[in-house]
file structure.pdb (PDB, C-alpha atoms and all ligand atoms)
ATOM      1  CA  MET G   1      83.402 146.826  51.352  1.00  0.00           C
ATOM      2  CA  ARG G   2      83.134 144.561  54.382  1.00  0.00           C
ATOM      3  CA  LEU G   3      80.031 145.268  56.442  1.00  0.00           C
ATOM      4  CA  CYS G   4      78.169 143.710  59.296  1.00  0.00           C
ATOM      5  CA  LEU G   5      74.431 144.135  59.903  1.00  0.00           C
ATOM      6  CA  PHE G   6      73.701 143.698  63.576  1.00  0.00           C
ATOM      7  CA  GLY G   7      70.353 143.762  65.361  1.00  0.00           C
ATOM      8  CA  PRO G   8      67.621 141.785  67.077  1.00  0.00           C
ATOM      9  CA  PRO G   9      65.544 139.161  65.275  1.00  0.00           C
ATOM     10  CA  GLY G  10      63.212 140.854  62.810  1.00  0.00           C
ATOM     11  CA  SER G  11      65.117 144.153  62.787  1.00  0.00           C
ATOM     12  CA  GLY G  12      65.455 144.058  58.977  1.00  0.00           C
ATOM     13  CA  LYS G  13      68.995 142.683  58.592  1.00  0.00           C
ATOM     14  CA  GLY G  14      67.943 140.378  55.748  1.00  0.00           C
ATOM     15  CA  THR G  15      65.770 143.024  54.067  1.00  0.00           C
ATOM     16  CA  GLN G  16      68.495 145.670  54.073  1.00  0.00           C
ATOM     17  CA  GLY G  17      71.286 143.149  53.365  1.00  0.00           C
ATOM     18  CA  GLU G  18      69.589 142.049  50.166  1.00  0.00           C
ATOM     19  CA  LYS G  19      69.332 145.643  48.907  1.00  0.00           C
ATOM     20  CA  LEU G  20      72.973 146.369  49.750  1.00  0.00           C
ATOM     21  CA  SER G  21      74.080 143.152  48.068  1.00  0.00           C
ATOM     22  CA  GLU G  22      72.243 144.075  44.881  1.00  0.00           C
ATOM     23  CA  GLU G  23      73.559 147.622  44.748  1.00  0.00           C
ATOM     24  CA  TYR G  24      77.184 146.898  45.693  1.00  0.00           C
ATOM     25  CA  GLY G  25      77.491 143.537  43.927  1.00  0.00           C
ATOM     26  CA  ILE G  26      78.843 141.694  46.951  1.00  0.00           C
ATOM     27  CA  PRO G  27      77.215 138.720  48.699  1.00  0.00           C
ATOM     28  CA  GLU G  28      74.995 138.933  51.734  1.00  0.00           C
ATOM     29  CA  VAL G  29      76.185 136.214  54.080  1.00  0.00           C
ATOM     30  CA  SER G  30      73.472 135.227  56.543  1.00  0.00           C
ATOM     31  CA  THR G  31      74.357 132.607  59.134  1.00  0.00           C
ATOM     32  CA  GLY G  32      70.622 131.965  59.581  1.00  0.00           C
ATOM     33  CA  ASP G  33      70.263 131.160  55.852  1.00  0.00           C
ATOM     34  CA  LEU G  34      73.424 129.022  55.826  1.00  0.00           C
ATOM     35  CA  LEU G  35      72.194 127.087  58.852  1.00  0.00           C
ATOM     36  CA  ARG G  36      68.693 126.597  57.395  1.00  0.00           C
ATOM     37  CA  ALA G  37      70.293 125.257  54.185  1.00  0.00           C
ATOM     38  CA  ALA G  38      72.393 122.818  56.238  1.00  0.00           C
ATOM     39  CA  VAL G  39      69.291 121.647  58.129  1.00  0.00           C
ATOM     40  CA  ALA G  40      67.373 121.184  54.850  1.00  0.00           C
ATOM     41  CA  ALA G  41      70.285 119.200  53.380  1.00  0.00           C
ATOM     42  CA  GLY G  42      70.337 116.962  56.463  1.00  0.00           C
ATOM     43  CA  SER G  43      74.112 117.427  56.813  1.00  0.00           C
ATOM     44  CA  GLU G  44      75.937 116.632  60.054  1.00  0.00           C
ATOM     45  CA  LEU G  45      76.270 120.374  60.710  1.00  0.00           C
ATOM     46  CA  GLY G  46      72.531 120.810  60.101  1.00  0.00           C
ATOM     47  CA  GLN G  47      71.700 118.067  62.537  1.00  0.00           C
ATOM     48  CA  LYS G  48      73.866 119.743  65.182  1.00  0.00           C
ATOM     49  CA  ALA G  49      72.167 123.107  64.565  1.00  0.00           C
ATOM     50  CA  GLN G  50      68.547 122.062  64.306  1.00  0.00           C
ATOM     51  CA  GLU G  51      67.665 121.730  67.975  1.00  0.00           C
ATOM     52  CA  ALA G  52      69.181 125.087  68.971  1.00  0.00           C
ATOM     53  CA  MET G  53      67.447 126.844  66.063  1.00  0.00           C
ATOM     54  CA  SER G  54      64.031 125.398  66.768  1.00  0.00           C
ATOM     55  CA  GLN G  55      64.283 126.699  70.333  1.00  0.00           C
ATOM     56  CA  GLY G  56      65.728 130.074  69.363  1.00  0.00           C
ATOM     57  CA  ASN G  57      69.075 129.409  71.068  1.00  0.00           C
ATOM     58  CA  LEU G  58      72.465 130.188  69.538  1.00  0.00           C
ATOM     59  CA  VAL G  59      74.164 127.424  67.598  1.00  0.00           C
ATOM     60  CA  ALA G  60      77.633 126.654  69.055  1.00  0.00           C
ATOM     61  CA  ASP G  61      80.352 129.192  68.183  1.00  0.00           C
ATOM     62  CA  ASP G  62      82.722 126.606  66.646  1.00  0.00           C
ATOM     63  CA  VAL G  63      80.027 125.427  64.222  1.00  0.00           C
ATOM     64  CA  VAL G  64      79.075 128.934  63.111  1.00  0.00           C
ATOM     65  CA  VAL G  65      82.637 130.276  62.943  1.00  0.00           C
ATOM     66  CA  GLY G  66      83.740 127.276  60.824  1.00  0.00           C
ATOM     67  CA  MET G  67      80.839 127.850  58.467  1.00  0.00           C
ATOM     68  CA  ILE G  68      81.609 131.588  58.092  1.00  0.00           C
ATOM     69  CA  ARG G  69      85.324 130.937  57.572  1.00  0.00           C
ATOM     70  CA  GLU G  70      84.510 128.627  54.688  1.00  0.00           C
ATOM     71  CA  ARG G  71      81.911 130.982  53.156  1.00  0.00           C
ATOM     72  CA  LEU G  72      84.117 134.092  53.288  1.00  0.00           C
ATOM     73  CA  HIS G  73      86.848 132.239  51.423  1.00  0.00           C
ATOM     74  CA  GLU G  74      84.610 131.660  48.419  1.00  0.00           C
ATOM     75  CA  ALA G  75      85.529 133.696  45.327  1.00  0.00           C
ATOM     76  CA  ASP G  76      82.442 135.940  45.325  1.00  0.00           C
ATOM     77  CA  ALA G  77      83.344 137.260  48.798  1.00  0.00           C
ATOM     78  CA  GLU G  78      86.824 138.379  47.685  1.00  0.00           C
ATOM     79  CA  PRO G  79      85.727 141.976  46.852  1.00  0.00           C
ATOM     80  CA  GLY G  80      83.650 142.246  50.026  1.00  0.00           C
ATOM     81  CA  PHE G  81      80.598 140.950  51.872  1.00  0.00           C
ATOM     82  CA  ILE G  82      77.673 141.897  54.066  1.00  0.00           C
ATOM     83  CA  LEU G  83      77.381 139.801  57.184  1.00  0.00           C
ATOM     84  CA  ASP G  84      73.800 139.313  58.405  1.00  0.00           C
ATOM     85  CA  GLY G  85      73.338 137.875  61.881  1.00  0.00           C
ATOM     86  CA  PHE G  86      77.015 137.196  62.560  1.00  0.00           C
ATOM     87  CA  PRO G  87      78.701 137.726  64.997  1.00  0.00           C
ATOM     88  CA  ARG G  88      76.225 137.057  67.783  1.00  0.00           C
ATOM     89  CA  SER G  89      78.566 136.379  70.731  1.00  0.00           C
ATOM     90  CA  PHE G  90      81.903 137.729  71.995  1.00  0.00           C
ATOM     91  CA  GLY G  91      83.572 134.499  70.866  1.00  0.00           C
ATOM     92  CA  GLN G  92      82.256 134.974  67.316  1.00  0.00           C
ATOM     93  CA  ALA G  93      83.258 138.667  67.272  1.00  0.00           C
ATOM     94  CA  GLU G  94      86.811 137.845  68.320  1.00  0.00           C
ATOM     95  CA  ALA G  95      87.114 134.982  65.851  1.00  0.00           C
ATOM     96  CA  LEU G  96      85.921 137.269  63.040  1.00  0.00           C
ATOM     97  CA  GLN G  97      88.273 140.101  63.942  1.00  0.00           C
ATOM     98  CA  GLU G  98      91.238 137.693  64.176  1.00  0.00           C
ATOM     99  CA  MET G  99      90.393 136.039  60.875  1.00  0.00           C
ATOM    100  CA  LEU G 100      90.025 139.358  59.014  1.00  0.00           C
ATOM    101  CA  ALA G 101      93.104 140.923  60.652  1.00  0.00           C
ATOM    102  CA  ALA G 102      95.229 137.917  59.667  1.00  0.00           C
ATOM    103  CA  GLU G 103      94.180 138.489  56.054  1.00  0.00           C
ATOM    104  CA  GLY G 104      94.613 142.282  56.177  1.00  0.00           C
ATOM    105  CA  LYS G 105      90.896 142.733  55.372  1.00  0.00           C
ATOM    106  CA  PRO G 106      89.335 144.546  58.321  1.00  0.00           C
ATOM    107  CA  LEU G 107      85.632 145.253  58.742  1.00  0.00           C
ATOM    108  CA  HIS G 108      84.668 148.738  57.570  1.00  0.00           C
ATOM    109  CA  ARG G 109      81.521 149.216  59.636  1.00  0.00           C
ATOM    110  CA  VAL G 110      78.984 147.495  61.863  1.00  0.00           C
ATOM    111  CA  ILE G 111      75.445 148.799  61.348  1.00  0.00           C
ATOM    112  CA  HIS G 112      73.184 148.245  64.336  1.00  0.00           C
ATOM    113  CA  LEU G 113      69.487 148.309  63.401  1.00  0.00           C
ATOM    114  CA  ASP G 114      67.630 149.412  66.505  1.00  0.00           C
ATOM    115  CA  VAL G 115      64.016 148.170  66.744  1.00  0.00           C
ATOM    116  CA  ASP G 116      61.842 147.902  69.845  1.00  0.00           C
ATOM    117  CA  ARG G 117      60.469 144.628  71.183  1.00  0.00           C
ATOM    118  CA  GLU G 118      56.773 145.220  70.382  1.00  0.00           C
ATOM    119  CA  GLU G 119      57.520 146.041  66.725  1.00  0.00           C
ATOM    120  CA  ILE G 120      59.670 142.903  66.445  1.00  0.00           C
ATOM    121  CA  ILE G 121      56.951 140.653  67.842  1.00  0.00           C
ATOM    122  CA  THR G 122      54.396 142.177  65.437  1.00  0.00           C
ATOM    123  CA  ARG G 123      56.706 141.679  62.414  1.00  0.00           C
ATOM    124  CA  LEU G 124      57.694 138.108  63.230  1.00  0.00           C
ATOM    125  CA  MET G 125      54.221 136.903  64.188  1.00  0.00           C
ATOM    126  CA  ALA G 126      53.063 138.149  60.754  1.00  0.00           C
ATOM    127  CA  ARG G 127      55.862 136.326  58.883  1.00  0.00           C
ATOM    128  CA  LYS G 128      55.421 132.730  60.162  1.00  0.00           C
ATOM    129  CA  ARG G 129      58.846 131.165  59.470  1.00  0.00           C
ATOM    130  CA  ALA G 130      59.307 127.829  61.336  1.00  0.00           C
ATOM    131  CA  ASP G 131      60.923 129.637  64.299  1.00  0.00           C
ATOM    132  CA  ASP G 132      58.434 132.534  64.245  1.00  0.00           C
ATOM    133  CA  ASN G 133      56.121 131.189  66.955  1.00  0.00           C
ATOM    134  CA  GLU G 134      55.545 133.118  70.157  1.00  0.00           C
ATOM    135  CA  ALA G 135      57.648 130.971  72.525  1.00  0.00           C
ATOM    136  CA  THR G 136      60.642 130.863  70.171  1.00  0.00           C
ATOM    137  CA  ILE G 137      60.437 134.582  69.374  1.00  0.00           C
ATOM    138  CA  ARG G 138      60.481 135.382  73.110  1.00  0.00           C
ATOM    139  CA  ASN G 139      63.529 133.180  73.603  1.00  0.00           C
ATOM    140  CA  ARG G 140      65.303 134.686  70.554  1.00  0.00           C
ATOM    141  CA  LEU G 141      64.733 138.130  72.074  1.00  0.00           C
ATOM    142  CA  GLU G 142      66.020 136.949  75.453  1.00  0.00           C
ATOM    143  CA  VAL G 143      69.111 135.400  73.844  1.00  0.00           C
ATOM    144  CA  TYR G 144      69.672 138.634  71.897  1.00  0.00           C
ATOM    145  CA  SER G 145      69.572 140.770  75.078  1.00  0.00           C
ATOM    146  CA  SER G 146      71.770 138.497  77.143  1.00  0.00           C
ATOM    147  CA  GLN G 147      74.327 137.172  74.632  1.00  0.00           C
ATOM    148  CA  THR G 148      74.290 139.295  71.472  1.00  0.00           C
ATOM    149  CA  ARG G 149      73.456 142.909  72.369  1.00  0.00           C
ATOM    150  CA  PRO G 150      76.488 143.169  74.733  1.00  0.00           C
ATOM    151  CA  VAL G 151      78.745 142.556  71.688  1.00  0.00           C
ATOM    152  CA  LEU G 152      77.828 146.084  70.481  1.00  0.00           C
ATOM    153  CA  GLU G 153      80.250 147.384  73.099  1.00  0.00           C
ATOM    154  CA  TYR G 154      83.067 145.375  71.485  1.00  0.00           C
ATOM    155  CA  PHE G 155      82.538 147.203  68.175  1.00  0.00           C
ATOM    156  CA  LYS G 156      81.908 150.564  69.832  1.00  0.00           C
ATOM    157  CA  GLU G 157      85.301 150.340  71.560  1.00  0.00           C
ATOM    158  CA  ARG G 158      86.888 149.735  68.149  1.00  0.00           C
ATOM    159  CA  ASP G 159      85.092 152.728  66.625  1.00  0.00           C
ATOM    160  CA  LEU G 160      83.228 150.558  64.112  1.00  0.00           C
ATOM    161  CA  LEU G 161      79.649 151.012  65.290  1.00  0.00           C
ATOM    162  CA  THR G 162      76.814 153.070  63.792  1.00  0.00           C
ATOM    163  CA  THR G 163      73.305 152.714  65.233  1.00  0.00           C
ATOM    164  CA  ILE G 164      70.397 153.361  62.882  1.00  0.00           C
ATOM    165  CA  GLN G 165      66.716 153.506  63.748  1.00  0.00           C
ATOM    166  CA  GLY G 166      65.261 150.368  62.118  1.00  0.00           C
ATOM    167  CA  VAL G 167      61.596 151.426  62.285  1.00  0.00           C
ATOM    168  CA  GLY G 168      59.938 153.221  59.362  1.00  0.00           C
ATOM    169  CA  GLU G 169      60.028 152.892  55.597  1.00  0.00           C
ATOM    170  CA  VAL G 170      62.478 150.290  54.255  1.00  0.00           C
ATOM    171  CA  ASP G 171      63.866 152.789  51.692  1.00  0.00           C
ATOM    172  CA  GLU G 172      64.385 155.491  54.294  1.00  0.00           C
ATOM    173  CA  ILE G 173      66.317 153.087  56.542  1.00  0.00           C
ATOM    174  CA  TYR G 174      68.334 151.988  53.508  1.00  0.00           C
ATOM    175  CA  ALA G 175      69.225 155.618  52.700  1.00  0.00           C
ATOM    176  CA  ASN G 176      70.443 156.092  56.289  1.00  0.00           C
ATOM    177  CA  ILE G 177      72.612 152.962  56.032  1.00  0.00           C
ATOM    178  CA  LYS G 178      74.127 154.194  52.776  1.00  0.00           C
ATOM    179  CA  ALA G 179      74.885 157.558  54.343  1.00  0.00           C
ATOM    180  CA  ALA G 180      76.660 155.780  57.209  1.00  0.00           C
ATOM    181  CA  ILE G 181      78.921 153.782  54.891  1.00  0.00           C
ATOM    182  CA  ALA G 182      79.577 156.509  52.323  1.00  0.00           C
TER     183      ALA G 182
HETATM  184  P1  LIG B 201      68.371 134.321  61.652  1.00  0.00           P
HETATM  185  O1  LIG B 201      67.862 133.697  60.433  1.00  0.00           O
HETATM  186  O2  LIG B 201      69.566 135.200  61.579  1.00  0.00           O
HETATM  187  O3  LIG B 201      67.161 135.059  62.337  1.00  0.00           O
HETATM  188  P2  LIG B 201      67.084 136.398  63.192  1.00  0.00           P
HETATM  189  O4  LIG B 201      68.290 137.071  63.647  1.00  0.00           O
HETATM  190  O5  LIG B 201      66.132 136.020  64.253  1.00  0.00           O
HETATM  191  O6  LIG B 201      66.623 137.398  62.139  1.00  0.00           O
HETATM  192  P3  LIG B 201      65.420 137.354  61.171  1.00  0.00           P
HETATM  193  O7  LIG B 201      65.812 136.679  59.896  1.00  0.00           O
HETATM  194  O8  LIG B 201      64.199 136.844  61.864  1.00  0.00           O
HETATM  195  O9  LIG B 201      65.226 138.912  60.978  1.00  0.00           O
HETATM  196  P4  LIG B 201      66.057 140.021  60.193  1.00  0.00           P
HETATM  197  O10 LIG B 201      66.692 140.966  61.129  1.00  0.00           O
HETATM  198  O11 LIG B 201      66.899 139.433  59.094  1.00  0.00           O
HETATM  199  O12 LIG B 201      64.812 140.787  59.574  1.00  0.00           O
HETATM  200  P5  LIG B 201      64.106 140.562  58.159  1.00  0.00           P
HETATM  201  O13 LIG B 201      64.714 141.442  57.148  1.00  0.00           O
HETATM  202  O14 LIG B 201      63.985 139.094  57.862  1.00  0.00           O
HETATM  203  O15 LIG B 201      68.711 133.202  62.745  1.00  0.00           O
HETATM  204  C1  LIG B 201      67.827 132.126  63.001  1.00  0.00           C
HETATM  205  C2  LIG B 201      68.444 131.186  64.020  1.00  0.00           C
HETATM  206  O16 LIG B 201      69.679 130.637  63.490  1.00  0.00           O
HETATM  207  C3  LIG B 201      68.865 131.827  65.356  1.00  0.00           C
HETATM  208  O17 LIG B 201      67.786 131.899  66.257  1.00  0.00           O
HETATM  209  C4  LIG B 201      69.966 130.864  65.833  1.00  0.00           C
HETATM  210  O18 LIG B 201      69.420 129.686  66.351  1.00  0.00           O
HETATM  211  C5  LIG B 201      70.675 130.522  64.522  1.00  0.00           C
HETATM  212  N1  LIG B 201      71.773 131.450  64.226  1.00  0.00           N
HETATM  213  C6  LIG B 201      71.832 132.353  63.194  1.00  0.00           C
HETATM  214  N2  LIG B 201      72.997 133.023  63.215  1.00  0.00           N
HETATM  215  C7  LIG B 201      73.693 132.546  64.294  1.00  0.00           C
HETATM  216  C8  LIG B 201      74.970 132.879  64.846  1.00  0.00           C
HETATM  217  N3  LIG B 201      75.745 133.849  64.324  1.00  0.00           N
HETATM  218  N4  LIG B 201      75.366 132.208  65.967  1.00  0.00           N
HETATM  219  C9  LIG B 201      74.588 131.237  66.495  1.00  0.00           C
HETATM  220  N5  LIG B 201      73.367 130.875  66.025  1.00  0.00           N
HETATM  221  C10 LIG B 201      72.929 131.537  64.917  1.00  0.00           C
HETATM  222  O19 LIG B 201      62.666 141.163  58.505  1.00  0.00           O
HETATM  223  C11 LIG B 201      61.782 140.496  59.385  1.00  0.00           C
HETATM  224  C12 LIG B 201      60.331 140.818  58.937  1.00  0.00           C
HETATM  225  O20 LIG B 201      60.104 142.218  59.099  1.00  0.00           O
HETATM  226  C13 LIG B 201      60.079 140.498  57.457  1.00  0.00           C
HETATM  227  O21 LIG B 201      58.773 140.012  57.330  1.00  0.00           O
HETATM  228  C14 LIG B 201      60.249 141.860  56.763  1.00  0.00           C
HETATM  229  O22 LIG B 201      59.493 141.962  55.596  1.00  0.00           O
HETATM  230  C15 LIG B 201      59.767 142.820  57.845  1.00  0.00           C
HETATM  231  N6  LIG B 201      60.423 144.140  57.783  1.00  0.00           N
HETATM  232  C16 LIG B 201      61.736 144.402  57.521  1.00  0.00           C
HETATM  233  N7  LIG B 201      61.966 145.735  57.575  1.00  0.00           N
HETATM  234  C17 LIG B 201      60.783 146.322  57.898  1.00  0.00           C
HETATM  235  C18 LIG B 201      60.370 147.688  58.104  1.00  0.00           C
HETATM  236  N8  LIG B 201      61.229 148.695  58.012  1.00  0.00           N
HETATM  237  N9  LIG B 201      59.081 147.908  58.470  1.00  0.00           N
HETATM  238  C19 LIG B 201      58.193 146.871  58.578  1.00  0.00           C
HETATM  239  N10 LIG B 201      58.517 145.580  58.372  1.00  0.00           N
HETATM  240  C20 LIG B 201      59.785 145.296  58.044  1.00  0.00           C
END
call {"tool": "encode", "arguments": {"input": "structure.pdb", "output": "structure tokens"}}
result
Amino acid sequence: MRLCLFGPPGSGKGTQGEKLSEEYGIPEVSTGDLLRAAVAAGSELGQKAQEAMSQGNLVADDVVVGMIRERLHEADAEPGFILDGFPRSFGQAEALQEMLAAEGKPLHRVIHLDVDREEIITRLMARKRADDNEATIRNRLEVYSSQTRPVLEYFKERDLLTTIQGVGEVDEIYANIKAAIA
């Protein structure tokens, strides 16, 4: 199974991705986690990403696409994967589709977790990750509306999109995701 979890910051992509990964035995691939690991390791890629991340802006497409290409070619991703937070721009969506089409391994579904702005701010202010401060959260939401949300149309046109209400009990949302991919 090749899935993509799509949604605004704090919509539960990581929470639901972890559960799916456990149940289906395929890796959750989060570009946010990969980037944070690169920053922590002090690699050249991490240094390039750090400024954008601390401000809540998107890291450059070529950096993120290169990182995903490498990760999806690792052995554990052979049977499938759950993308969390990628793609986030039209450029990333096209690069992903081209890469998977060339390998004859198309995406099965894109799950859009729909959560309103007030709920997101409440969740993220409670969590306190390094980029969970008010100014950065506001910018992440702005970047999501202007650069990422429009990409939903790309997947809708390709008949890959299912929107699921991302507010409520974690297990109830999970059951709705499973129903959508059954
Ligand atoms: P990233 O790490 O992907 O952050 P994000 O998209 O802002 O998402 P979050 O991890 O904050 O939220 P989530 O949707 O995973 O929700 P979660 O399950 O954690 O990206 C960080 C930065 O990296 C970006 O700003 C950008 O700079 C860069 N980046 C990443 N990918 C990139 C890309 N593709 N291109 C360019 N740049 C990229 O839940 C959030 C909280 O809510 C948790 O506390 C959780 O416990 C809680 N929660 C979850 N579900 C529920 C529920 N149903 N009810 C109540 N609380 C809930």
call {"tool": "closest_residue", "arguments": {"input": "structure.pdb", "among": "G:Leu35, G:Val110, G:Ile177, G:Leu96", "to": "Phe155 of chain G", "atoms": "only C-alpha atoms"}}
result
G:Val110
call {"tool": "closest_atom_pairs", "arguments": {"input": "structure.pdb", "of": "chain G", "to": "ligand LIG 201 (chain B)", "cutoff": "7 Å", "atoms": "all atoms listed in the file", "output": "Markdown table"}}
result
| residue | atom | partner | partner_atom | distance |
| --- | --- | --- | --- | --- |
| G:Gly7 | CA | B:LIG201 | O10 | 6.3 |
| G:Pro8 | CA | B:LIG201 | O4 | 5.9 |
| G:Pro9 | CA | B:LIG201 | O5 | 3.4 |
| G:Gly10 | CA | B:LIG201 | O9 | 3.3 |
| G:Ser11 | CA | B:LIG201 | O10 | 3.9 |
| G:Gly12 | CA | B:LIG201 | O13 | 3.3 |
| G:Lys13 | CA | B:LIG201 | O10 | 3.8 |
| G:Gly14 | CA | B:LIG201 | O11 | 3.6 |
| G:Thr15 | CA | B:LIG201 | O13 | 3.6 |
| G:Gln16 | CA | B:LIG201 | O13 | 6.5 |
| G:Ser30 | CA | B:LIG201 | O2 | 6.4 |
| G:Thr31 | CA | B:LIG201 | N2 | 4.3 |
| G:Gly32 | CA | B:LIG201 | O1 | 3.4 |
| G:Asp33 | CA | B:LIG201 | O1 | 5.8 |
| G:Leu35 | CA | B:LIG201 | O16 | 6.4 |
| G:Ala52 | CA | B:LIG201 | O18 | 5.3 |
| G:Met53 | CA | B:LIG201 | O18 | 3.5 |
| G:Ser54 | CA | B:LIG201 | O18 | 6.9 |
| G:Gly56 | CA | B:LIG201 | O17 | 4.1 |
| G:Asn57 | CA | B:LIG201 | O18 | 4.7 |
| G:Leu58 | CA | B:LIG201 | N5 | 3.7 |
| G:Val59 | CA | B:LIG201 | N5 | 3.9 |
| G:Ala60 | CA | B:LIG201 | C9 | 6.1 |
| G:Asp61 | CA | B:LIG201 | N4 | 6.2 |
| G:Val64 | CA | B:LIG201 | N4 | 5.7 |
| G:Asp84 | CA | B:LIG201 | O2 | 6.7 |
| G:Gly85 | CA | B:LIG201 | O2 | 4.6 |
| G:Phe86 | CA | B:LIG201 | N3 | 4.0 |
| G:Pro87 | CA | B:LIG201 | N3 | 4.9 |
| G:Arg88 | CA | B:LIG201 | N3 | 4.7 |
| G:Arg123 | CA | B:LIG201 | O20 | 4.8 |
| G:Leu124 | CA | B:LIG201 | C12 | 5.7 |
| G:Ala126 | CA | B:LIG201 | O21 | 6.9 |
| G:Arg127 | CA | B:LIG201 | O21 | 4.9 |
| G:Arg140 | CA | B:LIG201 | O17 | 5.7 |
| G:Gly166 | CA | B:LIG201 | N8 | 6.0 |
| G:Val167 | CA | B:LIG201 | N8 | 5.1 |
| G:Gly168 | CA | B:LIG201 | N8 | 4.9 |
| G:Glu169 | CA | B:LIG201 | N8 | 5.0 |
| G:Val170 | CA | B:LIG201 | N8 | 4.3 |
| G:Ile173 | CA | B:LIG201 | N8 | 6.9 |
call {"tool": "residues_around", "arguments": {"input": "structure.pdb", "residues": "Leu107 of chain G", "least_positions_apart": "6", "cutoff": "8 Å", "atoms": "all atoms listed in the file", "output": "PyMOL selection string"}}
result
chain G and resi 1-4+97+100+160
call {"tool": "resolve_selection", "arguments": {"input": "structure.pdb", "expression": "the PyMOL selection byres (((chain G and resi 28) around 7) and not hetatm)", "output": "VMD selection string"}}
result
chain G and resid 17 to 18 21 26 to 27 29 to 30 81 to 84
call {"tool": "closest_residue", "arguments": {"input": "structure.pdb", "among": "G:Met99, G:Thr136, G:Glu23, G:Arg129", "to": "Glu70 of chain G", "atoms": "only C-alpha atoms"}}
result
G:Met99
call {"tool": "resolve_selection", "arguments": {"input": "structure.pdb", "expression": "the PyMOL selection byres (((chain G and resi 90) around 10) and not hetatm)", "output": "PyMOL selection string"}}
result
chain G and resi 61+87-89+91-96+147-154
